[in-house]
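File shown here: input_34.csv, holding CSV, C-alpha atoms and all ligand atoms.
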```
chain,number,residue,atom,x,y,z
A,265,MET,CA,32.5,-120.1,204.5
A,266,SER,CA,35.3,-120.8,202.0
A,267,GLU,CA,36.8,-124.2,202.1
A,268,ALA,CA,39.8,-124.9,204.5
A,269,GLU,CA,43.0,-126.7,203.4
A,270,PHE,CA,43.1,-130.3,204.7
A,271,ALA,CA,46.6,-131.8,204.4
A,272,CYS,CA,49.1,-134.2,205.9
A,273,ILE,CA,51.8,-132.7,208.1
A,274,ASP,CA,54.3,-135.5,207.1
A,275,CYS,CA,54.0,-135.8,203.3
A,276,GLY,CA,51.9,-132.8,202.3
A,277,GLU,CA,49.1,-134.8,200.5
A,278,ASN,CA,45.9,-132.8,200.2
A,279,TYR,CA,42.4,-134.1,200.9
A,280,PRO,CA,39.0,-132.7,200.3
A,281,PRO,CA,37.6,-131.4,203.6
A,282,ASN,CA,34.1,-132.5,202.8
A,283,LEU,CA,35.0,-136.2,203.0
A,284,PRO,CA,35.5,-138.1,206.3
A,285,ARG,CA,39.1,-138.9,207.0
A,286,TRP,CA,41.1,-139.0,210.2
A,287,ARG,CA,44.6,-139.9,208.9
A,288,CYS,CA,46.7,-139.6,205.8
A,289,GLY,CA,47.3,-142.6,203.5
A,290,CYS,CA,50.9,-142.5,204.6
A,291,GLY,CA,49.9,-142.9,208.2
A,292,GLY,CA,50.7,-139.3,209.2
A,293,PRO,CA,48.4,-136.8,211.1
A,294,LEU,CA,46.4,-134.3,209.1
A,295,GLU,CA,46.1,-130.6,209.7
A,296,VAL,CA,43.4,-128.2,208.6
A,297,GLU,CA,44.2,-124.6,207.7
A,298,PRO,CA,41.3,-122.1,207.9
A,299,ASN,CA,41.7,-119.4,205.2
A,300,ALA,CA,39.8,-116.7,206.9
A,301,VAL,CA,40.2,-114.5,210.0
A,302,PHE,CA,37.8,-112.4,212.1
A,303,THR,CA,38.1,-108.7,212.4
A,304,ARG,CA,38.6,-107.1,215.8
A,305,GLU,CA,35.7,-104.7,215.1
A,306,SER,CA,33.2,-107.5,214.3
A,307,LEU,CA,33.7,-109.1,217.7
A,308,ALA,CA,32.1,-106.3,219.8
A,309,SER,CA,28.6,-107.2,218.6
A,310,ARG,CA,28.8,-111.0,218.8
A,311,PRO,CA,27.6,-113.3,221.6
A,312,THR,CA,30.3,-114.3,224.2
A,313,THR,CA,30.6,-117.9,223.1
A,314,LEU,CA,33.7,-119.4,221.4
A,315,TRP,CA,31.7,-119.3,218.1
A,316,ARG,CA,32.3,-115.6,218.1
A,317,TYR,CA,35.5,-116.5,216.3
A,318,ARG,CA,33.5,-118.1,213.5
A,319,GLU,CA,35.7,-117.2,210.6
A,320,ALA,CA,38.7,-119.0,212.2
A,321,ILE,CA,36.7,-122.2,212.8
A,322,PRO,CA,36.8,-124.5,209.8
A,323,ILE,CA,33.2,-125.6,209.6
A,324,GLN,CA,31.6,-125.0,206.3
A,325,ASP,CA,27.9,-124.6,207.0
A,326,ASP,CA,26.4,-122.8,210.1
A,327,SER,CA,23.6,-125.3,210.2
A,328,ASN,CA,26.0,-128.0,211.2
A,329,ILE,CA,27.2,-126.2,214.4
A,330,VAL,CA,26.7,-128.3,217.5
A,331,THR,CA,27.0,-126.0,220.5
A,332,MET,CA,25.9,-125.3,224.0
A,333,ASP,CA,26.9,-121.6,223.8
A,334,GLU,CA,30.2,-122.5,225.5
A,335,GLY,CA,33.2,-120.3,226.0
A,336,MET,CA,34.6,-116.9,227.2
A,337,THR,CA,35.6,-118.4,230.6
A,338,PRO,CA,36.9,-116.0,233.4
A,339,LEU,CA,40.6,-115.0,233.7
A,340,VAL,CA,41.4,-114.5,237.4
A,341,SER,CA,44.7,-113.6,239.1
A,342,ILE,CA,46.0,-115.9,241.8
A,343,ALA,CA,49.4,-115.4,243.6
A,344,HIS,CA,51.7,-118.5,243.5
A,345,SER,CA,55.4,-118.9,244.0
A,346,GLY,CA,56.1,-115.2,244.1
A,347,MET,CA,54.2,-114.3,241.0
A,348,GLU,CA,50.7,-113.5,239.9
A,349,ILE,CA,49.3,-116.2,237.6
A,350,LEU,CA,46.4,-115.4,235.4
A,351,CYS,CA,44.2,-118.5,235.7
A,352,LYS,CA,41.9,-119.2,232.8
A,353,LEU,CA,39.0,-121.0,234.4
A,354,ASP,CA,38.5,-123.5,231.6
A,355,PHE,CA,36.8,-126.0,233.9
A,356,LEU,CA,33.7,-123.8,233.5
A,357,PHE,CA,32.3,-125.7,230.5
A,358,PRO,CA,29.2,-127.9,230.2
A,359,THR,CA,31.2,-131.1,230.9
A,360,GLY,CA,33.7,-129.6,233.3
A,361,SER,CA,36.8,-129.4,231.2
A,362,PHE,CA,38.4,-127.3,228.5
A,363,LYS,CA,37.9,-130.3,226.1
A,364,ASP,CA,34.4,-128.9,225.2
A,365,ARG,CA,36.3,-126.3,223.2
A,366,GLY,CA,37.5,-129.1,220.9
A,367,ALA,CA,34.4,-131.2,221.1
A,368,THR,CA,32.0,-128.5,219.9
A,369,VAL,CA,34.1,-128.1,216.7
A,370,LEU,CA,34.9,-131.8,216.2
A,371,MET,CA,31.3,-132.9,216.6
A,372,SER,CA,30.2,-130.1,214.3
A,373,LYS,CA,32.5,-131.5,211.7
A,374,MET,CA,31.2,-135.1,212.3
A,375,LYS,CA,27.7,-133.8,211.7
A,376,GLU,CA,28.9,-131.9,208.6
A,377,TRP,CA,30.3,-135.2,207.3
A,378,GLY,CA,26.9,-136.8,207.9
A,379,LEU,CA,28.2,-139.5,210.4
A,380,ALA,CA,25.6,-141.4,212.4
A,381,GLN,CA,28.0,-143.3,214.6
A,382,VAL,CA,31.5,-142.5,215.9
A,383,LEU,CA,34.0,-144.0,218.4
A,384,MET,CA,37.0,-142.7,220.2
A,385,ASP,CA,39.4,-143.4,223.1
A,386,SER,CA,40.4,-141.0,225.9
A,387,SER,CA,41.5,-141.0,229.5
A,388,GLY,CA,38.1,-139.4,230.4
A,389,ASN,CA,37.7,-135.7,229.8
A,390,ALA,CA,37.8,-135.8,226.0
A,391,ALA,CA,35.5,-138.7,226.0
A,392,ALA,CA,33.0,-136.9,228.3
A,393,ALA,CA,33.1,-133.9,226.0
A,394,VAL,CA,32.7,-135.9,222.8
A,395,ALA,CA,29.9,-138.0,224.4
A,396,ALA,CA,28.0,-134.9,225.4
A,397,TYR,CA,28.3,-133.1,222.0
A,398,ALA,CA,27.6,-136.4,220.2
A,399,ALA,CA,24.4,-136.7,222.2
A,400,ARG,CA,23.5,-133.1,221.2
A,401,ALA,CA,24.2,-133.9,217.6
A,402,GLY,CA,22.2,-137.1,217.6
A,403,ILE,CA,25.3,-139.2,216.8
A,404,GLU,CA,25.8,-142.6,218.4
A,405,CYS,CA,29.1,-142.8,220.3
A,406,ASP,CA,31.3,-145.6,221.6
A,407,ILE,CA,34.1,-144.7,224.1
A,408,TYR,CA,37.2,-146.7,224.9
A,409,ALA,CA,38.8,-145.7,228.2
A,410,PRO,CA,41.4,-147.1,230.6
A,411,ALA,CA,39.9,-149.2,233.4
A,412,SER,CA,41.7,-146.9,235.9
A,413,THR,CA,39.8,-143.8,234.7
A,414,SER,CA,38.2,-141.7,237.5
A,415,GLN,CA,34.7,-143.1,238.4
A,416,ALA,CA,33.1,-139.7,238.1
A,417,LYS,CA,34.3,-139.4,234.5
A,418,CYS,CA,33.0,-143.0,233.7
A,419,ALA,CA,29.6,-142.1,235.2
A,420,GLN,CA,29.5,-138.9,233.2
A,421,ILE,CA,30.3,-140.6,229.9
A,422,THR,CA,27.6,-143.2,230.5
A,423,ALA,CA,25.1,-140.5,231.6
A,424,TYR,CA,25.5,-138.8,228.2
A,425,GLY,CA,24.3,-142.0,226.6
A,426,ALA,CA,27.6,-143.2,225.1
A,427,ARG,CA,28.6,-146.9,225.3
A,428,LEU,CA,31.7,-147.1,227.6
A,429,HIS,CA,34.2,-149.9,227.1
A,430,LYS,CA,36.7,-150.1,230.0
A,431,ILE,CA,40.0,-151.4,228.7
A,432,PRO,CA,42.5,-152.9,231.2
A,433,GLY,CA,46.2,-151.9,231.0
A,434,PRO,CA,47.9,-148.6,230.2
A,435,ARG,CA,46.3,-145.7,228.3
A,436,ALA,CA,47.8,-146.9,225.0
A,437,ALA,CA,45.8,-150.2,225.2
A,438,SER,CA,42.6,-148.1,224.8
A,439,THR,CA,44.0,-146.5,221.7
A,440,ALA,CA,44.9,-149.8,220.2
A,441,VAL,CA,41.4,-151.3,220.8
A,442,ALA,CA,39.8,-148.2,219.4
A,443,MET,CA,41.9,-148.1,216.3
A,444,GLU,CA,40.9,-151.8,215.7
A,445,ALA,CA,37.2,-150.9,216.1
A,446,ALA,CA,37.8,-147.9,213.8
A,447,LYS,CA,37.8,-150.3,210.8
A,448,GLU,CA,34.0,-150.5,211.2
A,449,ARG,CA,33.1,-147.0,212.4
A,450,PHE,CA,34.6,-143.5,212.1
A,451,TYR,CA,37.4,-142.8,214.6
A,452,ALA,CA,36.5,-139.4,216.2
A,453,SER,CA,39.8,-139.2,218.0
A,454,HIS,CA,40.5,-135.8,219.5
A,455,PHE,CA,44.2,-136.1,218.7
A,456,TRP,CA,44.1,-137.6,215.2
A,457,ASN,CA,41.3,-135.3,213.9
A,458,PRO,CA,42.7,-131.8,213.5
A,459,TRP,CA,39.3,-130.1,213.9
A,460,PHE,CA,39.5,-130.5,217.7
A,461,ASN,CA,42.5,-128.2,218.1
A,462,HIS,CA,40.8,-125.6,216.0
A,463,GLY,CA,38.3,-125.5,218.9
A,464,THR,CA,40.9,-125.5,221.7
A,465,LYS,CA,42.7,-122.6,220.0
A,466,THR,CA,39.9,-120.3,221.0
A,467,TRP,CA,41.4,-120.1,224.5
A,468,ALA,CA,44.1,-118.0,223.0
A,469,PHE,CA,41.6,-115.7,221.3
A,470,GLU,CA,39.7,-115.2,224.5
A,471,VAL,CA,42.9,-114.4,226.5
A,472,TRP,CA,43.9,-111.9,223.8
A,473,GLU,CA,40.5,-110.1,224.2
A,474,GLN,CA,40.6,-110.3,228.0
A,475,LEU,CA,44.1,-108.7,228.1
A,476,GLY,CA,42.8,-105.8,226.0
A,477,PHE,CA,43.8,-107.3,222.6
A,478,THR,CA,47.4,-108.2,223.6
A,479,ALA,CA,49.2,-111.5,224.2
A,480,PRO,CA,50.6,-112.5,227.5
A,481,ASN,CA,54.4,-113.0,227.8
A,482,ALA,CA,54.0,-116.7,228.6
A,483,VAL,CA,51.5,-119.6,228.8
A,484,VAL,CA,52.0,-122.9,230.5
A,485,ALA,CA,49.9,-125.9,229.3
A,486,PRO,CA,49.5,-129.4,230.8
A,487,THR,CA,50.6,-131.6,227.9
A,488,GLY,CA,49.9,-135.2,226.8
A,489,HIS,CA,48.7,-135.2,223.2
A,490,GLY,CA,48.9,-131.4,223.2
A,491,SER,CA,45.4,-130.1,222.7
A,492,ALA,CA,45.8,-127.2,225.1
A,493,LEU,CA,49.4,-126.6,224.0
A,494,LEU,CA,48.7,-126.7,220.2
A,495,GLY,CA,45.5,-124.8,220.7
A,496,ALA,CA,47.6,-122.0,222.2
A,497,TYR,CA,50.0,-122.1,219.4
A,498,LEU,CA,47.4,-122.2,216.6
A,499,GLY,CA,45.4,-119.4,218.2
A,500,PHE,CA,48.3,-117.0,218.9
A,501,SER,CA,49.9,-117.8,215.5
A,502,GLU,CA,46.7,-116.9,213.7
A,503,LEU,CA,46.6,-113.6,215.7
A,504,LEU,CA,50.2,-112.9,214.8
A,505,ARG,CA,49.6,-113.6,211.1
A,506,ALA,CA,46.7,-111.3,211.1
A,507,GLY,CA,48.8,-108.6,212.7
A,508,TYR,CA,46.7,-108.5,215.9
A,509,ILE,CA,49.7,-109.2,218.2
A,510,SER,CA,53.4,-108.5,217.6
A,511,GLU,CA,54.9,-111.6,219.1
A,512,LEU,CA,54.0,-115.1,220.2
A,513,PRO,CA,53.9,-115.7,224.0
A,514,LYS,CA,56.5,-118.2,225.2
A,515,ILE,CA,54.7,-121.5,225.2
A,516,PHE,CA,55.7,-123.9,227.9
A,517,ALA,CA,54.6,-127.6,227.9
A,518,ALA,CA,54.3,-129.3,231.3
A,519,GLN,CA,54.3,-133.1,231.6
A,520,ALA,CA,54.1,-135.4,234.6
A,521,ALA,CA,57.6,-136.8,235.2
A,522,ARG,CA,56.2,-140.3,235.4
A,523,CYS,CA,55.1,-140.1,231.7
A,524,ALA,CA,57.2,-137.4,230.0
A,525,PRO,CA,58.2,-138.6,226.5
A,526,MET,CA,58.1,-135.0,225.1
A,527,VAL,CA,60.4,-133.7,227.8
A,528,GLN,CA,62.9,-136.5,226.9
A,529,MET,CA,62.6,-135.7,223.2
A,530,TRP,CA,63.2,-132.0,223.9
A,531,GLU,CA,66.1,-132.5,226.2
A,532,GLU,CA,67.9,-135.2,224.1
A,533,ASN,CA,67.0,-133.6,220.8
A,534,LEU,CA,65.4,-136.9,219.5
A,535,GLU,CA,63.9,-137.3,216.0
A,536,ALA,CA,61.3,-139.8,217.1
A,537,VAL,CA,59.2,-140.4,220.2
A,538,PRO,CA,61.2,-142.5,222.6
A,539,GLU,CA,59.8,-145.9,223.7
A,540,ILE,CA,59.0,-145.3,227.3
A,541,THR,CA,57.2,-147.4,229.9
A,542,PRO,CA,54.9,-144.9,231.7
A,543,GLU,CA,54.5,-145.2,235.4
A,544,GLU,CA,51.1,-144.6,236.9
A,545,THR,CA,50.6,-140.9,237.6
A,546,ILE,CA,48.0,-138.9,239.4
A,547,ALA,CA,47.9,-136.7,236.3
A,548,GLU,CA,45.7,-139.2,234.5
A,549,GLY,CA,44.6,-136.7,231.8
A,550,ILE,CA,48.1,-136.3,230.3
A,551,SER,CA,49.5,-139.8,230.7
A,552,ILE,CA,50.3,-140.2,227.0
A,553,ALA,CA,53.3,-142.3,226.1
A,554,ALA,CA,53.1,-142.0,222.3
A,555,PRO,CA,51.8,-138.5,221.3
A,556,VAL,CA,50.8,-138.3,217.6
A,557,ARG,CA,51.4,-134.6,217.0
A,558,TRP,CA,54.9,-134.5,218.5
A,559,LYS,CA,56.3,-132.7,215.5
A,560,GLN,CA,53.9,-129.9,215.8
A,561,MET,CA,54.4,-129.7,219.6
A,562,ILE,CA,58.2,-129.4,219.2
A,563,GLU,CA,57.8,-126.7,216.5
A,564,ALA,CA,55.3,-124.7,218.6
A,565,VAL,CA,57.5,-124.7,221.7
A,566,ARG,CA,60.7,-124.0,219.8
A,567,GLU,CA,59.2,-121.2,217.6
A,568,SER,CA,57.8,-119.5,220.7
A,569,GLY,CA,60.9,-119.6,222.8
A,570,GLY,CA,59.4,-121.9,225.5
A,571,CYS,CA,60.5,-125.4,226.6
A,572,PHE,CA,59.1,-128.7,227.8
A,573,ILE,CA,59.3,-129.3,231.6
A,574,SER,CA,58.4,-132.2,233.9
A,575,VAL,CA,56.8,-132.2,237.3
A,576,GLU,CA,57.0,-134.8,240.1
A,577,ASP,CA,53.7,-136.3,241.3
A,578,GLU,CA,54.6,-135.4,244.9
A,579,THR,CA,54.2,-131.7,244.2
A,580,ILE,CA,50.6,-132.1,243.1
A,581,PRO,CA,48.6,-132.6,246.4
A,582,PRO,CA,50.1,-129.5,248.1
A,583,LEU,CA,49.3,-127.5,245.0
A,584,LEU,CA,45.7,-128.7,244.9
A,585,ARG,CA,45.4,-127.6,248.6
A,586,GLU,CA,47.0,-124.3,248.0
A,587,PHE,CA,44.7,-123.4,245.1
A,588,GLY,CA,41.7,-124.9,246.8
A,589,ALA,CA,42.3,-122.6,249.8
A,590,LYS,CA,42.2,-119.7,247.2
A,591,GLY,CA,38.8,-120.9,245.9
A,592,VAL,CA,39.9,-122.8,242.8
A,593,LEU,CA,39.4,-126.6,242.9
A,594,MET,CA,41.2,-128.2,239.9
A,595,GLU,CA,41.8,-131.8,239.0
A,596,PRO,CA,45.2,-133.2,239.6
A,597,THR,CA,46.1,-133.2,235.9
A,598,SER,CA,45.6,-129.4,235.7
A,599,ALA,CA,47.9,-128.8,238.7
A,600,VAL,CA,50.9,-130.0,236.7
A,601,ALA,CA,51.0,-126.8,234.7
A,602,PHE,CA,50.8,-124.6,237.9
A,603,ALA,CA,53.6,-126.6,239.5
A,604,ALA,CA,55.6,-126.1,236.3
A,605,ALA,CA,54.9,-122.4,236.3
A,606,GLY,CA,56.5,-122.2,239.8
A,607,LEU,CA,59.6,-124.2,238.6
A,608,LEU,CA,59.9,-122.0,235.5
A,609,ARG,CA,59.8,-118.9,237.7
A,610,GLU,CA,62.6,-120.4,240.0
A,611,GLN,CA,64.7,-121.2,236.9
A,612,GLY,CA,64.3,-117.7,235.6
A,613,LYS,CA,62.6,-118.9,232.4
A,614,ILE,CA,59.6,-116.7,233.4
A,615,SER,CA,60.7,-113.4,235.0
A,616,GLN,CA,59.0,-111.4,237.7
A,617,SER,CA,57.7,-108.7,235.3
A,618,GLU,CA,56.2,-111.1,232.8
A,619,SER,CA,52.5,-111.9,232.5
A,620,VAL,CA,51.7,-115.6,232.6
A,621,VAL,CA,48.5,-117.4,231.8
A,622,VAL,CA,47.8,-121.0,232.8
A,623,PRO,CA,44.5,-122.7,231.9
A,624,VAL,CA,42.7,-124.6,234.7
A,625,THR,CA,41.8,-127.4,232.3
A,626,GLY,CA,39.6,-129.7,234.5
A,627,HIS,CA,37.3,-129.3,237.5
A,628,GLY,CA,38.3,-130.9,240.7
A,629,LEU,CA,35.0,-132.8,240.9
A,630,LYS,CA,36.0,-134.7,237.8
A,631,ALA,CA,38.4,-136.7,239.9
A,632,ALA,CA,36.3,-136.8,243.1
A,633,ASP,CA,37.5,-140.3,244.0
A,634,LYS,CA,41.1,-139.3,243.8
A,635,LEU,CA,40.6,-136.0,245.6
A,636,GLU,CA,38.9,-137.9,248.4
A,637,LYS,CA,42.0,-139.9,249.0
A,638,LEU,CA,44.3,-136.9,248.7
A,639,MET,CA,42.4,-134.8,251.1
A,640,SER,CA,42.0,-137.8,253.4
A,641,VAL,CA,38.3,-137.1,254.2
A,701,LIG,C1,43.1,-133.5,228.1
A,701,LIG,C2,43.6,-132.8,229.2
A,701,LIG,C3,44.7,-132.0,229.2
A,701,LIG,C4,45.6,-131.9,228.0
A,701,LIG,O1,45.8,-133.1,227.4
A,701,LIG,P1,46.3,-133.3,226.0
A,701,LIG,O2,46.5,-134.8,225.9
A,701,LIG,O3,47.7,-132.6,225.9
A,701,LIG,O4,45.4,-132.8,225.0
A,701,LIG,C5,45.0,-131.3,230.3
A,701,LIG,N1,44.3,-131.3,231.4
A,701,LIG,C6,43.2,-132.0,231.5
A,701,LIG,C7,42.4,-132.0,232.8
A,701,LIG,C8,42.8,-132.8,230.4
A,701,LIG,O5,41.7,-133.5,230.5
A,702,ZN,ZN,50.9,-138.2,204.5
```
Take the structure in this file and express it as structure tokens.
Amino acid sequence: MSEAEFACIDCGENYPPNLPRWRCGCGGPLEVEPNAVFTRESLASRPTTLWRYREAIPIQDDSNIVTMDEGMTPLVSIAHSGMEILCKLDFLFPTGSFKDRGATVLMSKMKEWGLAQVLMDSSGNAAAAVAAYAARAGIECDIYAPASTSQAKCAQITAYGARLHKIPGPRAASTAVAMEAAKERFYASHFWNPWFNHGTKTWAFEVWEQLGFTAPNAVVAPTGHGSALLGAYLGFSELLRAGYISELPKIFAAQAARCAPMVQMWEENLEAVPEITPEETIAEGISIAAPVRWKQMIEAVRESGGCFISVEDETIPPLLREFGAKGVLMEPTSAVAFAAAGLLREQGKISQSESVVVPVTGHGLKAADKLEKLMSV
């Protein structure tokens, strides 16, 4: 594989992609730019895992790939709010969330960098994914997660052999403790390290194949740090640049109203992430007060003609029941994007005739304790 470009999105400083680094010297986030693309013809003969898009995934050497043959999740149609939503069943991954798309690539890069120990912070799903792939790579892993994280996710992280540190306070407290610990060990953060989103982008490639090599009109992604959102943008942008689609889908970013800094930024045209005090939300997976890649998120949504939109917590339990009764049990965080799709349809931002894809990002069983309360069983 030819080397990828590895550079800061704030100051443009370039770094060699073969040396471990998670942030620019200026403090800005880094981005990685693969300089290859797969051909449509080559895909037919490849295994149906996300590594079929090999040329687009910026890992140098095949021998470093850490995989469980994940990917190519089903795309099923479900009626909701007077439209047919194409649901990308991205909870069908080894760890039960779409974060495995990012973790397989991120941990491959960690292996390529020869790291023996890493640490990261997460509200649960990214941690479970990184813990599982770290185990597979033989890399020791420390996880910092909010004490309020669903018990099922905590058990899962521990079962993969990672050391779990439960941090009291809001989600941001876990990040602060992890960044301090990162002075000693490599910080395998899924939002600081750009390799992660070059895994999540494969959901766009799969949708493109599943729709007969076309893009949908719109996608709606539940959004905190933006790994599903930016994955969609990176994936569809690469397809556009290669001439494989003629237009980006409108990319809509859905946040929980109780923690919606990006919605505020968008609506008030702010130049910096506002200081907010997040309220506790049932959408634990996207409760992010200070997203790192806000610039990229705004650009993605603006360029595609989408918008940021918030959803009240109260709309989530009925939605979980509605989709459950149609055979799809998702975790509360995932429901935010479906509720948003309904609102966007009502507001006319998605029309009747448009195709819309929404990823089901996490399995309902991931939040079994919370579901138990919601379903009052
Ligand atoms: C991580 C996650 C998301 C997206 O979160 P980002 O912080 O935007 O990357 C969405 N749904 C679930 C269930 C998640 O775990
Ligand atoms: Zn920089």
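Considering all atoms listed in the file, the residue among A:Val484, A:Ala436, A:Leu593, A:Ala605 positioned nearest to Ile540 (chain A) is A:Ala436.
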Polymer residues at most 10 Å from Pro623 (chain A), only C-alpha atoms, same-chain spacing of 6 or more positions, as a PDB file with C-alpha atoms, in the frame of the given file:
```
ATOM      1  CA  THR A 337      35.600-118.400 230.600  1.00  0.00           C
ATOM      2  CA  LEU A 339      40.600-115.000 233.700  1.00  0.00           C
ATOM      3  CA  ILE A 349      49.300-116.200 237.600  1.00  0.00           C
ATOM      4  CA  LEU A 350      46.400-115.400 235.400  1.00  0.00           C
ATOM      5  CA  CYS A 351      44.200-118.500 235.700  1.00  0.00           C
ATOM      6  CA  LYS A 352      41.900-119.200 232.800  1.00  0.00           C
ATOM      7  CA  LEU A 353      39.000-121.000 234.400  1.00  0.00           C
ATOM      8  CA  ASP A 354      38.500-123.500 231.600  1.00  0.00           C
ATOM      9  CA  PHE A 355      36.800-126.000 233.900  1.00  0.00           C
ATOM     10  CA  PHE A 362      38.400-127.300 228.500  1.00  0.00           C
ATOM     11  CA  TRP A 467      41.400-120.100 224.500  1.00  0.00           C
ATOM     12  CA  VAL A 483      51.500-119.600 228.800  1.00  0.00           C
ATOM     13  CA  VAL A 484      52.000-122.900 230.500  1.00  0.00           C
ATOM     14  CA  ALA A 485      49.900-125.900 229.300  1.00  0.00           C
ATOM     15  CA  PRO A 486      49.500-129.400 230.800  1.00  0.00           C
ATOM     16  CA  ALA A 492      45.800-127.200 225.100  1.00  0.00           C
ATOM     17  CA  SER A 598      45.600-129.400 235.700  1.00  0.00           C
ATOM     18  CA  ALA A 599      47.900-128.800 238.700  1.00  0.00           C
ATOM     19  CA  ALA A 601      51.000-126.800 234.700  1.00  0.00           C
ATOM     20  CA  PHE A 602      50.800-124.600 237.900  1.00  0.00           C
TER      21      PHE A 602
END
```
query = Between A:Leu498, A:Ala423, A:Val527, A:Cys290, which has the minimum distance to ligand ZN 702 (chain A) (counting only C-alpha atoms and all ligand atoms)?
reply =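 Smallest separation from ligand ZN 702 (chain A) among the options: A:Cys290.
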request  = Mind listing whatever residues come within 9 Å of the point (41.9, -141.9, 233.8)? Use only C-alpha atoms, file coordinates, and give them as a VMD selection string.
outcome  = chain A and resid 386 to 389 409 to 415 417 to 418 435 546 to 549 551 631
remark   = Pairwise distance, CA of Glu502 (chain A) with CA of Val301 (chain A), equals 7.9 Å
query = Between A:Ser306, A:Thr439, A:Ser361, A:Ser617, which has the minimum distance to ligand LIG 701 (chain A) (counting all atoms listed in the file)?
reply =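 Using all atoms listed in the file, ligand LIG 701 (chain A) sits closest to A:Ser361.
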Sphere at (62.9, -138.5, 222.9), radius 12 Å, counting only C-alpha atoms: residues as a PDB file with C-alpha atoms, in the frame of the given file:
```pdb
ATOM      1  CA  CYS A 523      55.100-140.100 231.700  1.00  0.00           C
ATOM      2  CA  ALA A 524      57.200-137.400 230.000  1.00  0.00           C
ATOM      3  CA  PRO A 525      58.200-138.600 226.500  1.00  0.00           C
ATOM      4  CA  MET A 526      58.100-135.000 225.100  1.00  0.00           C
ATOM      5  CA  VAL A 527      60.400-133.700 227.800  1.00  0.00           C
ATOM      6  CA  GLN A 528      62.900-136.500 226.900  1.00  0.00           C
ATOM      7  CA  MET A 529      62.600-135.700 223.200  1.00  0.00           C
ATOM      8  CA  TRP A 530      63.200-132.000 223.900  1.00  0.00           C
ATOM      9  CA  GLU A 531      66.100-132.500 226.200  1.00  0.00           C
ATOM     10  CA  GLU A 532      67.900-135.200 224.100  1.00  0.00           C
ATOM     11  CA  ASN A 533      67.000-133.600 220.800  1.00  0.00           C
ATOM     12  CA  LEU A 534      65.400-136.900 219.500  1.00  0.00           C
ATOM     13  CA  GLU A 535      63.900-137.300 216.000  1.00  0.00           C
ATOM     14  CA  ALA A 536      61.300-139.800 217.100  1.00  0.00           C
ATOM     15  CA  VAL A 537      59.200-140.400 220.200  1.00  0.00           C
ATOM     16  CA  PRO A 538      61.200-142.500 222.600  1.00  0.00           C
ATOM     17  CA  GLU A 539      59.800-145.900 223.700  1.00  0.00           C
ATOM     18  CA  ILE A 540      59.000-145.300 227.300  1.00  0.00           C
ATOM     19  CA  ALA A 553      53.300-142.300 226.100  1.00  0.00           C
ATOM     20  CA  ALA A 554      53.100-142.000 222.300  1.00  0.00           C
ATOM     21  CA  PRO A 555      51.800-138.500 221.300  1.00  0.00           C
ATOM     22  CA  TRP A 558      54.900-134.500 218.500  1.00  0.00           C
ATOM     23  CA  LYS A 559      56.300-132.700 215.500  1.00  0.00           C
ATOM     24  CA  ILE A 562      58.200-129.400 219.200  1.00  0.00           C
ATOM     25  CA  PHE A 572      59.100-128.700 227.800  1.00  0.00           C
TER      26      PHE A 572
END
```
query = Out of A:Ala308, A:Ala268, A:Ala399, A:Ala343, which residue has the shortest atom-to-atom distance to Ile323 (chain A) when counting all atoms listed in the file?
reply =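 Residue with the minimum atom-to-atom distance to Ile323 (chain A): A:Ala268.
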message = Can you pull out every residue with an atom within 9 Å of ligand ZN 702 (chain A)? Use all atoms listed in the file and format it as number ranges by chain.
response = A: 271-278, 287-294
note = A straight line from CA of Ala603 (chain A) to CA of Ile580 (chain A) spans 7.2 Å
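Distances here use only C-alpha atoms and all ligand atoms; by that measure, the residue among A:Leu356, A:Val369, A:Ala390, A:Leu608 closest to ligand LIG 701 (chain A) is A:Ala390.
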ask   = For the atom pair CA of Val340 (chain A) and CA of Leu504 (chain A), what is the interatomic distance in Å to one decimal place?
value =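 That distance, rounded to one decimal, is 24.3 Å.
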